[in-house]
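Asker: Input structure: query_19.tsv, which contains TSV, C-alpha atoms.
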```
chain	number	residue	atom	x	y	z
A	1040	SER	CA	53.84	-58.78	-32.03
A	1041	LYS	CA	50.08	-58.91	-31.59
A	1042	ARG	CA	50.40	-59.03	-27.83
A	1043	HIS	CA	52.68	-55.99	-27.78
A	1044	LEU	CA	50.14	-54.05	-29.86
A	1045	LEU	CA	47.38	-55.19	-27.52
A	1046	LEU	CA	49.31	-53.92	-24.50
A	1047	GLN	CA	49.90	-50.61	-26.28
A	1048	GLU	CA	46.15	-50.21	-26.81
A	1049	LEU	CA	45.50	-50.98	-23.15
A	1050	ALA	CA	48.18	-48.52	-22.05
A	1051	ASP	CA	46.40	-45.82	-24.07
A	1052	ASP	CA	43.06	-46.57	-22.38
A	1053	ARG	CA	42.13	-43.50	-20.31
A	1054	ALA	CA	40.20	-45.44	-17.68
A	1055	LEU	CA	43.06	-47.88	-17.09
A	1056	GLY	CA	45.51	-44.98	-16.96
A	1057	GLN	CA	43.95	-43.94	-13.65
A	1058	VAL	CA	44.44	-47.41	-12.19
A	1059	VAL	CA	47.71	-48.98	-13.39
A	1060	THR	CA	51.05	-47.96	-14.89
A	1061	PHE	CA	52.37	-50.08	-17.76
A	1062	GLY	CA	55.91	-51.28	-18.31
A	1063	VAL	CA	57.25	-53.83	-20.80
A	1064	GLN	CA	60.23	-56.12	-20.34
A	1065	TYR	CA	61.17	-58.10	-23.43
A	1066	ALA	CA	61.78	-61.84	-23.13
A	1067	ARG	CA	63.17	-64.37	-25.60
A	1068	SER	CA	60.15	-66.65	-25.25
A	1069	GLY	CA	56.76	-66.72	-23.59
A	1070	SER	CA	54.57	-63.86	-22.45
A	1071	SER	CA	53.26	-62.96	-19.03
A	1072	LEU	CA	51.27	-60.14	-17.51
A	1073	ARG	CA	51.80	-59.18	-13.89
A	1074	VAL	CA	50.52	-56.43	-11.62
A	1075	PHE	CA	52.77	-55.44	-8.72
A	1076	ARG	CA	50.69	-54.06	-5.87
A	1077	HIS	CA	52.04	-52.12	-2.91
A	1078	ARG	CA	51.71	-54.11	0.34
A	1079	TYR	CA	49.89	-56.96	-1.45
A	1080	PRO	CA	51.00	-60.04	-3.45
A	1081	THR	CA	51.74	-59.76	-7.16
A	1082	GLU	CA	48.83	-60.73	-9.41
A	1083	VAL	CA	49.50	-62.87	-12.51
A	1084	TYR	CA	47.10	-62.94	-15.46
A	1085	ARG	CA	46.03	-66.41	-16.55
A	1086	GLY	CA	43.15	-65.69	-18.90
A	1087	LYS	CA	42.74	-65.18	-22.63
A	1088	TRP	CA	44.78	-62.47	-24.31
A	1089	THR	CA	41.88	-60.35	-25.51
A	1090	ARG	CA	41.42	-56.64	-24.85
A	1091	GLY	CA	38.11	-57.03	-23.04
A	1092	ALA	CA	39.29	-59.83	-20.76
A	1093	ILE	CA	42.56	-58.13	-19.82
A	1094	GLN	CA	40.92	-54.75	-19.32
A	1095	LYS	CA	38.36	-56.23	-16.93
A	1096	TRP	CA	41.10	-58.05	-14.99
A	1097	LEU	CA	43.29	-54.94	-14.73
A	1098	MET	CA	40.41	-52.83	-13.45
A	1099	GLN	CA	39.93	-55.34	-10.64
A	1100	VAL	CA	43.51	-56.02	-9.57
A	1101	GLY	CA	44.70	-52.45	-10.16
A	1102	TYR	CA	43.19	-51.46	-6.82
A	1103	PRO	CA	44.85	-52.57	-3.58
A	1104	LEU	CA	42.53	-54.39	-1.24
A	1105	VAL	CA	42.67	-51.47	1.21
A	1106	ASN	CA	44.52	-48.40	-0.01
A	1107	ARG	CA	46.53	-46.58	2.63
A	1108	MET	CA	46.82	-42.86	2.01
A	1109	SER	CA	50.23	-41.24	2.34
A	1110	ASN	CA	50.69	-37.61	1.31
A	1111	GLN	CA	48.31	-37.71	-1.65
A	1112	PHE	CA	44.94	-39.12	-2.62
A	1113	ALA	CA	43.85	-40.10	-6.15
A	1114	PRO	CA	40.37	-38.56	-6.69
A	1115	ALA	CA	40.05	-39.75	-10.28
A	1116	LYS	CA	40.88	-43.36	-9.38
A	1117	TYR	CA	38.48	-43.60	-6.45
A	1118	LEU	CA	35.86	-40.92	-7.09
A	1119	SER	CA	35.37	-38.87	-10.25
A	1120	GLU	CA	36.29	-41.50	-12.86
A	1121	SER	CA	35.80	-44.76	-11.00
A	1122	PRO	CA	33.47	-47.47	-12.35
A	1123	PHE	CA	33.14	-48.78	-8.77
A	1124	GLY	CA	31.61	-47.58	-5.56
A	1125	VAL	CA	34.02	-46.53	-2.83
A	1126	VAL	CA	34.42	-46.93	0.90
A	1127	LEU	CA	36.32	-43.96	2.33
A	1128	ILE	CA	37.85	-44.54	5.75
A	1129	VAL	CA	38.55	-41.06	7.07
A	1130	LYS	CA	41.38	-41.05	9.59
A	1131	PRO	CA	44.52	-39.00	10.31
A	1132	LEU	CA	47.54	-40.44	8.52
A	1133	GLY	CA	48.97	-41.79	11.78
A	1134	GLU	CA	45.81	-43.78	12.60
A	1135	GLN	CA	45.76	-46.10	9.55
A	1136	THR	CA	46.66	-49.00	11.81
A	1137	ASP	CA	47.31	-52.60	10.80
A	1138	GLN	CA	44.53	-53.69	13.15
A	1139	LEU	CA	41.99	-51.48	11.40
A	1140	VAL	CA	43.23	-52.53	7.95
A	1141	GLU	CA	42.85	-56.19	8.91
A	1142	ALA	CA	39.25	-55.58	9.99
A	1143	LEU	CA	38.51	-53.85	6.68
A	1144	GLU	CA	40.17	-56.41	4.41
A	1145	SER	CA	37.55	-59.12	4.84
A	1146	PHE	CA	34.86	-56.72	3.65
A	1147	ALA	CA	37.08	-55.38	0.86
A	1148	LYS	CA	37.36	-58.96	-0.43
A	1149	LYS	CA	33.63	-59.57	-0.09
A	1150	TYR	CA	32.64	-56.47	-2.06
A	1151	SER	CA	35.63	-56.31	-4.43
A	1152	ASP	CA	33.41	-56.53	-7.51
A	1153	ARG	CA	31.61	-53.27	-6.67
A	1154	LEU	CA	33.30	-51.37	-3.81
A	1155	LYS	CA	36.92	-50.22	-3.47
A	1156	PHE	CA	38.35	-49.32	-0.07
A	1157	SER	CA	40.66	-46.40	0.62
A	1158	PHE	CA	41.80	-44.37	3.57
A	1159	PHE	CA	41.28	-40.63	3.32
A	1160	THR	CA	42.07	-37.71	5.58
A	1161	ARG	CA	40.33	-34.40	6.20
A	1162	ALA	CA	42.84	-31.60	5.69
A	1163	PRO	CA	43.02	-28.17	4.01
A	1164	SER	CA	44.24	-29.82	0.80
A	1165	THR	CA	41.18	-32.12	0.71
A	1166	GLN	CA	38.59	-29.62	1.94
A	1167	GLN	CA	36.83	-29.30	-1.43
A	1168	LEU	CA	36.36	-33.06	-1.64
A	1169	CYS	CA	35.13	-33.11	1.96
A	1170	ASP	CA	32.53	-30.44	1.18
A	1171	THR	CA	31.44	-32.25	-1.97
A	1172	PHE	CA	30.91	-35.64	-0.36
A	1173	GLY	CA	29.85	-34.59	3.13
A	1174	ILE	CA	32.92	-35.51	5.17
A	1175	TRP	CA	32.78	-33.71	8.51
A	1176	SER	CA	35.48	-35.26	10.67
A	1177	ASN	CA	38.67	-37.34	10.75
A	1178	ASP	CA	36.93	-40.31	12.34
A	1179	GLU	CA	34.24	-41.58	10.00
A	1180	LEU	CA	33.57	-44.04	7.21
A	1181	LEU	CA	31.51	-43.37	4.10
A	1182	ILE	CA	30.08	-45.80	1.57
A	1183	LEU	CA	29.45	-44.03	-1.73
A	1184	GLU	CA	27.81	-46.48	-4.11
A	1185	GLU	CA	28.06	-44.04	-7.04
A	1186	PRO	CA	30.93	-41.63	-6.33
A	1187	THR	CA	30.83	-40.14	-9.83
A	1188	TYR	CA	27.46	-38.56	-9.03
A	1189	ILE	CA	27.84	-34.92	-8.03
A	1190	ARG	CA	24.76	-32.95	-7.04
A	1191	LYS	CA	24.58	-29.84	-9.23
A	1192	ARG	CA	21.68	-28.18	-7.42
A	1193	SER	CA	21.82	-27.16	-3.76
A	1194	HIS	CA	18.18	-28.17	-3.17
A	1195	SER	CA	16.32	-31.13	-4.62
A	1196	HIS	CA	13.44	-33.34	-3.55
A	1197	VAL	CA	15.07	-36.28	-5.35
A	1198	PRO	CA	17.69	-38.11	-3.22
A	1199	GLY	CA	21.01	-38.97	-4.82
A	1200	PRO	CA	22.55	-42.45	-5.03
A	1201	PRO	CA	22.87	-44.40	-1.76
A	1202	LYS	CA	25.38	-43.15	0.82
A	1203	TYR	CA	25.97	-44.57	4.28
A	1204	ARG	CA	28.01	-43.09	7.11
A	1205	LEU	CA	29.65	-44.41	10.27
A	1206	GLU	CA	30.99	-42.13	13.00
A	1207	GLY	CA	33.75	-43.48	15.22
A	1208	VAL	CA	35.76	-45.98	13.18
A	1209	THR	CA	37.20	-48.93	15.11
A	1210	PRO	CA	37.62	-52.60	14.16
A	1211	ARG	CA	34.52	-53.45	16.20
A	1212	SER	CA	32.36	-50.65	14.81
A	1213	VAL	CA	33.38	-51.63	11.27
A	1214	GLU	CA	32.16	-55.19	11.89
A	1215	ASP	CA	28.80	-53.97	13.20
A	1216	PHE	CA	28.40	-51.39	10.43
A	1217	PHE	CA	28.90	-53.86	7.59
A	1218	ALA	CA	26.66	-56.43	9.28
A	1219	ASP	CA	23.89	-53.81	9.11
A	1220	TYR	CA	24.89	-52.94	5.53
A	1221	ASP	CA	24.53	-56.61	4.54
A	1222	ALA	CA	21.13	-56.73	6.21
A	1223	LYS	CA	20.08	-53.51	4.43
A	1224	ALA	CA	19.38	-52.06	7.87
A	1225	LEU	CA	21.45	-48.89	7.59
A	1226	PRO	CA	19.71	-45.52	7.23
A	1227	ARG	CA	20.68	-43.53	4.15
A	1228	TYR	CA	23.11	-40.68	4.74
A	1229	LEU	CA	21.38	-37.55	3.49
A	1230	GLN	CA	24.06	-34.95	3.00
A	1231	ALA	CA	23.36	-31.31	3.84
A	1232	SER	CA	22.80	-29.05	0.83
A	1233	VAL	CA	25.62	-26.71	1.91
A	1234	PRO	CA	28.97	-27.48	3.59
A	1235	ARG	CA	28.76	-27.52	7.36
A	1236	LYS	CA	31.07	-24.88	8.83
A	1237	VAL	CA	30.06	-24.97	12.49
A	1238	ALA	CA	27.86	-27.17	14.59
A	1239	LEU	CA	24.19	-26.19	14.45
A	1240	GLN	CA	22.77	-24.74	17.61
A	1241	THR	CA	19.22	-25.86	18.28
A	1242	THR	CA	16.92	-23.65	20.36
A	1243	PHE	CA	13.21	-23.35	20.97
A	1244	ASP	CA	11.13	-20.22	20.44
A	1245	SER	CA	8.55	-18.90	22.89
A	1246	ALA	CA	5.84	-21.06	21.34
A	1247	GLY	CA	7.89	-24.20	21.77
A	1248	GLY	CA	8.80	-24.44	18.07
A	1249	LEU	CA	12.15	-25.80	16.98
A	1250	ARG	CA	14.59	-23.48	15.27
A	1251	GLU	CA	18.28	-23.66	14.30
```
As structure tokens, please, write out the structure in this file.
Answerer:
Amino acid sequence: SKRHLLLQELADDRALGQVVTFGVQYARSGSSLRVFRHRYPTEVYRGKWTRGAIQKWLMQVGYPLVNRMSNQFAPAKYLSESPFGVVLIVKPLGEQTDQLVEALESFAKKYSDRLKFSFFTRAPSTQQLCDTFGIWSNDELLILEEPTYIRKRSHSHVPGPPKYRLEGVTPRSVEDFFADYDAKALPRYLQASVPRKVALQTTFDSAGGLRE
């Protein structure tokens, strides 16, 4: 049928392949399209059966409101091949609490058309990503408005796309942080040109000049 062929084309779409997994169950009559999301209600498509309309809908509902990280993270879905910005909530796996998720969900709904929210953890297996995006601890939040942008030069006078960083992630600090984000009152996070290995030690020379 035409709808089956349409679904086959969508299943072959590389961008959608990072977001959803397709399965077909044949029925004697009628057609429906559903997305089953972990920890969140099932989404049912109610629009026109055209490739553009369905593709746009799948790209939206294919992301959970707040993604909880287990043993793996999906860099292509949230970073390297994402058409959206991302909010990375960096916490140890055991600190992805329901209370913190609840505080994040209202903002995930508000910005769902341009930002996707996911927990992340700093560990040896994610160290390269941490170095790339400037993640220094297991208690911070980063807004990356264009996560596909990767700086190719270590030094540049041209700042990259907007980034914003919060240290010390709690339900209350999240509320305050996004209030400032809404008001455009947050300072830009300017990432160091090289990965930070140890804390910088600041001293003064004999003339009173600052050195690191």
Asker: Using all atoms listed in the file, which residues of range 1040-1079 of chain A come within 9 Å of range 1104-1114 of chain A, and what is the closest atom pair for each, with the distance in Å to one decimal? Give it as a tab-separated table, sorted by chain and residue number.
Answerer:
```
residue	atom	partner	partner_atom	distance
A:Gln1057	CA	A:Ala1113	CA	8.4
A:His1077	CA	A:Asn1106	CA	8.9
A:Tyr1079	CA	A:Leu1104	CA	7.8
```
Asker: Would you mind telling me which residue in A:Val1063, A:Leu1225, A:Ile1093, A:Leu1127 lies nearest to Leu1049 in chain A when using only C-alpha atoms?
Answerer: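 Looking only at the distances to Leu1049 in chain A, the closest residue turns out to be A:Ile1093.
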Asker: To one decimal in Å, tell me the separation between CA of Thr1060 in chain A and CA of Phe1075 in chain A.
Answerer: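 Atom-to-atom, CA of Thr1060 in chain A to CA of Phe1075 in chain A, that is 9.8 Å.
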Asker: Would you mind listing what lies within 10 Å of Ser1176 in chain A as a PyMOL selection string, with all atoms listed in the file counted and same-chain residues fewer than 3 positions away left out?
Answerer: chain A and resi 1129-1131+1160-1162+1169+1173+1179-1180+1206-1207
Asker: Which residue out of A:His1043, A:Arg1211, A:Lys1148, A:Lys1202 has the minimum interatomic distance to Arg1090 in chain A when only C-alpha atoms are used?
Answerer: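 Result for the nearest residue to Arg1090 in chain A: A:His1043.
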Asker: Between CA of Thr1171 in chain A and CA of Phe1158 in chain A, what is the spacing in Å?
Answerer: 16.9 Å
Asker: Just how far from CA of Glu1134 in chain A is CA of Phe1159 in chain A, in Å to one decimal?
Answerer: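 Those two atoms sit 10.8 Å apart.
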Asker: Hey, which of A:Tyr1203, A:Gly1069, A:Arg1078, A:Glu1048 ends up closest to Lys1223 in chain A? Count only C-alpha atoms.
Answerer: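 Closest to Lys1223 in chain A of all the choices is A:Tyr1203.
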Asker: Name all residues at most 12 Å from Ser1145 in chain A (count only C-alpha atoms; drop same-chain ones fewer than 3 positions away) and give them as a list of chain:residue names.
Answerer: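 My list of contacting residues is A:Leu1104, A:Val1105, A:Leu1139, A:Val1140, A:Glu1141, A:Ala1142, A:Lys1148, A:Lys1149, A:Tyr1150, A:Ser1151, A:Phe1156, A:Pro1210, A:Val1213, A:Glu1214, A:Phe1217.
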Asker: With distances taken over all atoms listed in the file, which of A:Val1058, A:Lys1116, A:Trp1088, A:Arg1076 is nearest to Leu1045 in chain A?
Answerer: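 Of A:Val1058, A:Lys1116, A:Trp1088, A:Arg1076, the one nearest Leu1045 in chain A, counting all atoms listed in the file, is A:Trp1088.
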Asker: Give me, as a JSON list (two decimals) with C-alpha atoms, in the frame of the given file, all polymer residues having an atom no more than 10 Å from Glu1120 in chain A, counting all atoms listed in the file and skipping those fewer than 5 positions away in the same chain.
Answerer:
```json
[["chain", "number", "residue", "atom", "x", "y", "z"],
["A", 1053, "ARG", "CA", 42.13, -43.50, -20.31],
["A", 1054, "ALA", "CA", 40.20, -45.44, -17.68],
["A", 1057, "GLN", "CA", 43.95, -43.94, -13.65],
["A", 1114, "PRO", "CA", 40.37, -38.56, -6.69],
["A", 1115, "ALA", "CA", 40.05, -39.75, -10.28],
["A", 1186, "PRO", "CA", 30.93, -41.63, -6.33],
["A", 1187, "THR", "CA", 30.83, -40.14, -9.83]]
```
Asker: Between A:Thr1089, A:Thr1081, A:Glu1185, A:Gln1166, single out the one closest to Val1125 in chain A, counting all atoms listed in the file.
Answerer: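 Using all atoms listed in the file, the shortest distance to Val1125 in chain A belongs to A:Glu1185.
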Asker: For range 1076-1087 of chain A, supply all heavy atoms and report the output as a PDB file, in the coordinates of the input.
Answerer:
```pdb
ATOM      1  N   ARG A1076      51.534 -54.893  -6.718  1.00  0.00           N
ATOM      2  CA  ARG A1076      50.690 -54.060  -5.870  1.00  0.00           C
ATOM      3  C   ARG A1076      51.388 -53.774  -4.538  1.00  0.00           C
ATOM      4  O   ARG A1076      51.902 -54.683  -3.893  1.00  0.00           O
ATOM      5  CB  ARG A1076      49.342 -54.739  -5.611  1.00  0.00           C
ATOM      6  CG  ARG A1076      48.604 -55.113  -6.889  1.00  0.00           C
ATOM      7  CD  ARG A1076      47.178 -55.543  -6.606  1.00  0.00           C
ATOM      8  NE  ARG A1076      47.116 -56.687  -5.703  1.00  0.00           N
ATOM      9  CZ  ARG A1076      45.994 -57.134  -5.155  1.00  0.00           C
ATOM     10  NH1 ARG A1076      44.855 -56.518  -5.412  1.00  0.00           N
ATOM     11  NH2 ARG A1076      45.997 -58.195  -4.361  1.00  0.00           N
ATOM     12  N   HIS A1077      51.395 -52.520  -4.152  1.00  0.00           N
ATOM     13  CA  HIS A1077      52.040 -52.120  -2.910  1.00  0.00           C
ATOM     14  C   HIS A1077      51.372 -52.776  -1.711  1.00  0.00           C
ATOM     15  O   HIS A1077      50.154 -52.711  -1.556  1.00  0.00           O
ATOM     16  CB  HIS A1077      51.965 -50.593  -2.777  1.00  0.00           C
ATOM     17  CG  HIS A1077      52.680 -50.042  -1.589  1.00  0.00           C
ATOM     18  ND1 HIS A1077      54.012 -50.315  -1.328  1.00  0.00           N
ATOM     19  CD2 HIS A1077      52.255 -49.238  -0.576  1.00  0.00           C
ATOM     20  CE1 HIS A1077      54.374 -49.701  -0.223  1.00  0.00           C
ATOM     21  NE2 HIS A1077      53.329 -49.044   0.262  1.00  0.00           N
ATOM     22  N   ARG A1078      52.148 -53.436  -0.890  1.00  0.00           N
ATOM     23  CA  ARG A1078      51.710 -54.110   0.340  1.00  0.00           C
ATOM     24  C   ARG A1078      50.922 -55.399   0.093  1.00  0.00           C
ATOM     25  O   ARG A1078      50.523 -56.069   1.038  1.00  0.00           O
ATOM     26  CB  ARG A1078      50.865 -53.176   1.218  1.00  0.00           C
ATOM     27  CG  ARG A1078      51.607 -51.981   1.777  1.00  0.00           C
ATOM     28  CD  ARG A1078      50.666 -51.124   2.630  1.00  0.00           C
ATOM     29  NE  ARG A1078      51.310 -49.948   3.154  1.00  0.00           N
ATOM     30  CZ  ARG A1078      51.918 -49.866   4.340  1.00  0.00           C
ATOM     31  NH1 ARG A1078      51.956 -50.936   5.110  1.00  0.00           N
ATOM     32  NH2 ARG A1078      52.460 -48.741   4.751  1.00  0.00           N
ATOM     33  N   TYR A1079      50.671 -55.756  -1.159  1.00  0.00           N
ATOM     34  CA  TYR A1079      49.890 -56.960  -1.450  1.00  0.00           C
ATOM     35  C   TYR A1079      50.621 -57.830  -2.463  1.00  0.00           C
ATOM     36  O   TYR A1079      51.469 -57.346  -3.222  1.00  0.00           O
ATOM     37  CB  TYR A1079      48.499 -56.580  -1.970  1.00  0.00           C
ATOM     38  CG  TYR A1079      47.616 -55.981  -0.903  1.00  0.00           C
ATOM     39  CD1 TYR A1079      47.427 -54.611  -0.824  1.00  0.00           C
ATOM     40  CD2 TYR A1079      47.002 -56.788   0.053  1.00  0.00           C
ATOM     41  CE1 TYR A1079      46.640 -54.049   0.179  1.00  0.00           C
ATOM     42  CE2 TYR A1079      46.209 -56.242   1.049  1.00  0.00           C
ATOM     43  CZ  TYR A1079      46.031 -54.875   1.109  1.00  0.00           C
ATOM     44  OH  TYR A1079      45.249 -54.325   2.107  1.00  0.00           O
ATOM     45  N   PRO A1080      50.302 -59.135  -2.526  1.00  0.00           N
ATOM     46  CA  PRO A1080      51.000 -60.040  -3.450  1.00  0.00           C
ATOM     47  C   PRO A1080      50.815 -59.639  -4.910  1.00  0.00           C
ATOM     48  O   PRO A1080      49.809 -59.034  -5.294  1.00  0.00           O
ATOM     49  CB  PRO A1080      50.347 -61.398  -3.161  1.00  0.00           C
ATOM     50  CG  PRO A1080      49.762 -61.279  -1.795  1.00  0.00           C
ATOM     51  CD  PRO A1080      49.339 -59.848  -1.662  1.00  0.00           C
ATOM     52  N   THR A1081      51.793 -59.997  -5.710  1.00  0.00           N
ATOM     53  CA  THR A1081      51.740 -59.760  -7.160  1.00  0.00           C
ATOM     54  C   THR A1081      50.632 -60.608  -7.777  1.00  0.00           C
ATOM     55  O   THR A1081      50.449 -61.775  -7.422  1.00  0.00           O
ATOM     56  CB  THR A1081      53.086 -60.114  -7.803  1.00  0.00           C
ATOM     57  OG1 THR A1081      54.094 -59.264  -7.258  1.00  0.00           O
ATOM     58  CG2 THR A1081      53.040 -59.946  -9.318  1.00  0.00           C
ATOM     59  N   GLU A1082      49.892 -60.018  -8.700  1.00  0.00           N
ATOM     60  CA  GLU A1082      48.830 -60.730  -9.410  1.00  0.00           C
ATOM     61  C   GLU A1082      49.335 -61.125 -10.799  1.00  0.00           C
ATOM     62  O   GLU A1082      49.960 -60.316 -11.501  1.00  0.00           O
ATOM     63  CB  GLU A1082      47.592 -59.845  -9.557  1.00  0.00           C
ATOM     64  CG  GLU A1082      46.911 -59.489  -8.245  1.00  0.00           C
ATOM     65  CD  GLU A1082      46.046 -60.622  -7.724  1.00  0.00           C
ATOM     66  OE1 GLU A1082      45.831 -61.599  -8.470  1.00  0.00           O
ATOM     67  OE2 GLU A1082      45.583 -60.518  -6.569  1.00  0.00           O
ATOM     68  N   VAL A1083      49.067 -62.359 -11.201  1.00  0.00           N
ATOM     69  CA  VAL A1083      49.500 -62.870 -12.510  1.00  0.00           C
ATOM     70  C   VAL A1083      48.263 -63.192 -13.346  1.00  0.00           C
ATOM     71  O   VAL A1083      47.357 -63.896 -12.875  1.00  0.00           O
ATOM     72  CB  VAL A1083      50.381 -64.133 -12.363  1.00  0.00           C
ATOM     73  CG1 VAL A1083      50.815 -64.632 -13.733  1.00  0.00           C
ATOM     74  CG2 VAL A1083      51.591 -63.826 -11.481  1.00  0.00           C
ATOM     75  N   TYR A1084      48.244 -62.702 -14.573  1.00  0.00           N
ATOM     76  CA  TYR A1084      47.100 -62.940 -15.460  1.00  0.00           C
ATOM     77  C   TYR A1084      47.176 -64.326 -16.074  1.00  0.00           C
ATOM     78  O   TYR A1084      48.211 -64.732 -16.603  1.00  0.00           O
ATOM     79  CB  TYR A1084      47.073 -61.885 -16.571  1.00  0.00           C
ATOM     80  CG  TYR A1084      45.883 -62.018 -17.487  1.00  0.00           C
ATOM     81  CD1 TYR A1084      44.594 -61.792 -17.013  1.00  0.00           C
ATOM     82  CD2 TYR A1084      46.040 -62.369 -18.829  1.00  0.00           C
ATOM     83  CE1 TYR A1084      43.491 -61.909 -17.840  1.00  0.00           C
ATOM     84  CE2 TYR A1084      44.943 -62.486 -19.667  1.00  0.00           C
ATOM     85  CZ  TYR A1084      43.675 -62.255 -19.173  1.00  0.00           C
ATOM     86  OH  TYR A1084      42.575 -62.375 -19.997  1.00  0.00           O
ATOM     87  N   ARG A1085      46.056 -65.044 -16.025  1.00  0.00           N
ATOM     88  CA  ARG A1085      46.030 -66.410 -16.550  1.00  0.00           C
ATOM     89  C   ARG A1085      44.886 -66.635 -17.531  1.00  0.00           C
ATOM     90  O   ARG A1085      44.561 -67.771 -17.861  1.00  0.00           O
ATOM     91  CB  ARG A1085      45.924 -67.416 -15.397  1.00  0.00           C
ATOM     92  CG  ARG A1085      47.032 -67.258 -14.356  1.00  0.00           C
ATOM     93  CD  ARG A1085      47.032 -68.349 -13.322  1.00  0.00           C
ATOM     94  NE  ARG A1085      47.985 -68.093 -12.249  1.00  0.00           N
ATOM     95  CZ  ARG A1085      49.299 -68.288 -12.334  1.00  0.00           C
ATOM     96  NH1 ARG A1085      49.818 -68.766 -13.461  1.00  0.00           N
ATOM     97  NH2 ARG A1085      50.100 -68.022 -11.313  1.00  0.00           N
ATOM     98  N   GLY A1086      44.284 -65.555 -18.003  1.00  0.00           N
ATOM     99  CA  GLY A1086      43.150 -65.690 -18.900  1.00  0.00           C
ATOM    100  C   GLY A1086      43.528 -65.545 -20.368  1.00  0.00           C
ATOM    101  O   GLY A1086      44.712 -65.602 -20.742  1.00  0.00           O
ATOM    102  N   LYS A1087      42.525 -65.347 -21.200  1.00  0.00           N
ATOM    103  CA  LYS A1087      42.740 -65.180 -22.630  1.00  0.00           C
ATOM    104  C   LYS A1087      43.312 -63.790 -22.928  1.00  0.00           C
ATOM    105  O   LYS A1087      42.959 -62.814 -22.268  1.00  0.00           O
ATOM    106  CB  LYS A1087      41.424 -65.358 -23.389  1.00  0.00           C
ATOM    107  CG  LYS A1087      40.861 -66.763 -23.323  1.00  0.00           C
ATOM    108  CD  LYS A1087      39.585 -66.874 -24.150  1.00  0.00           C
ATOM    109  CE  LYS A1087      39.041 -68.292 -24.137  1.00  0.00           C
ATOM    110  NZ  LYS A1087      37.788 -68.413 -24.935  1.00  0.00           N
TER     111      LYS A1087
END
```
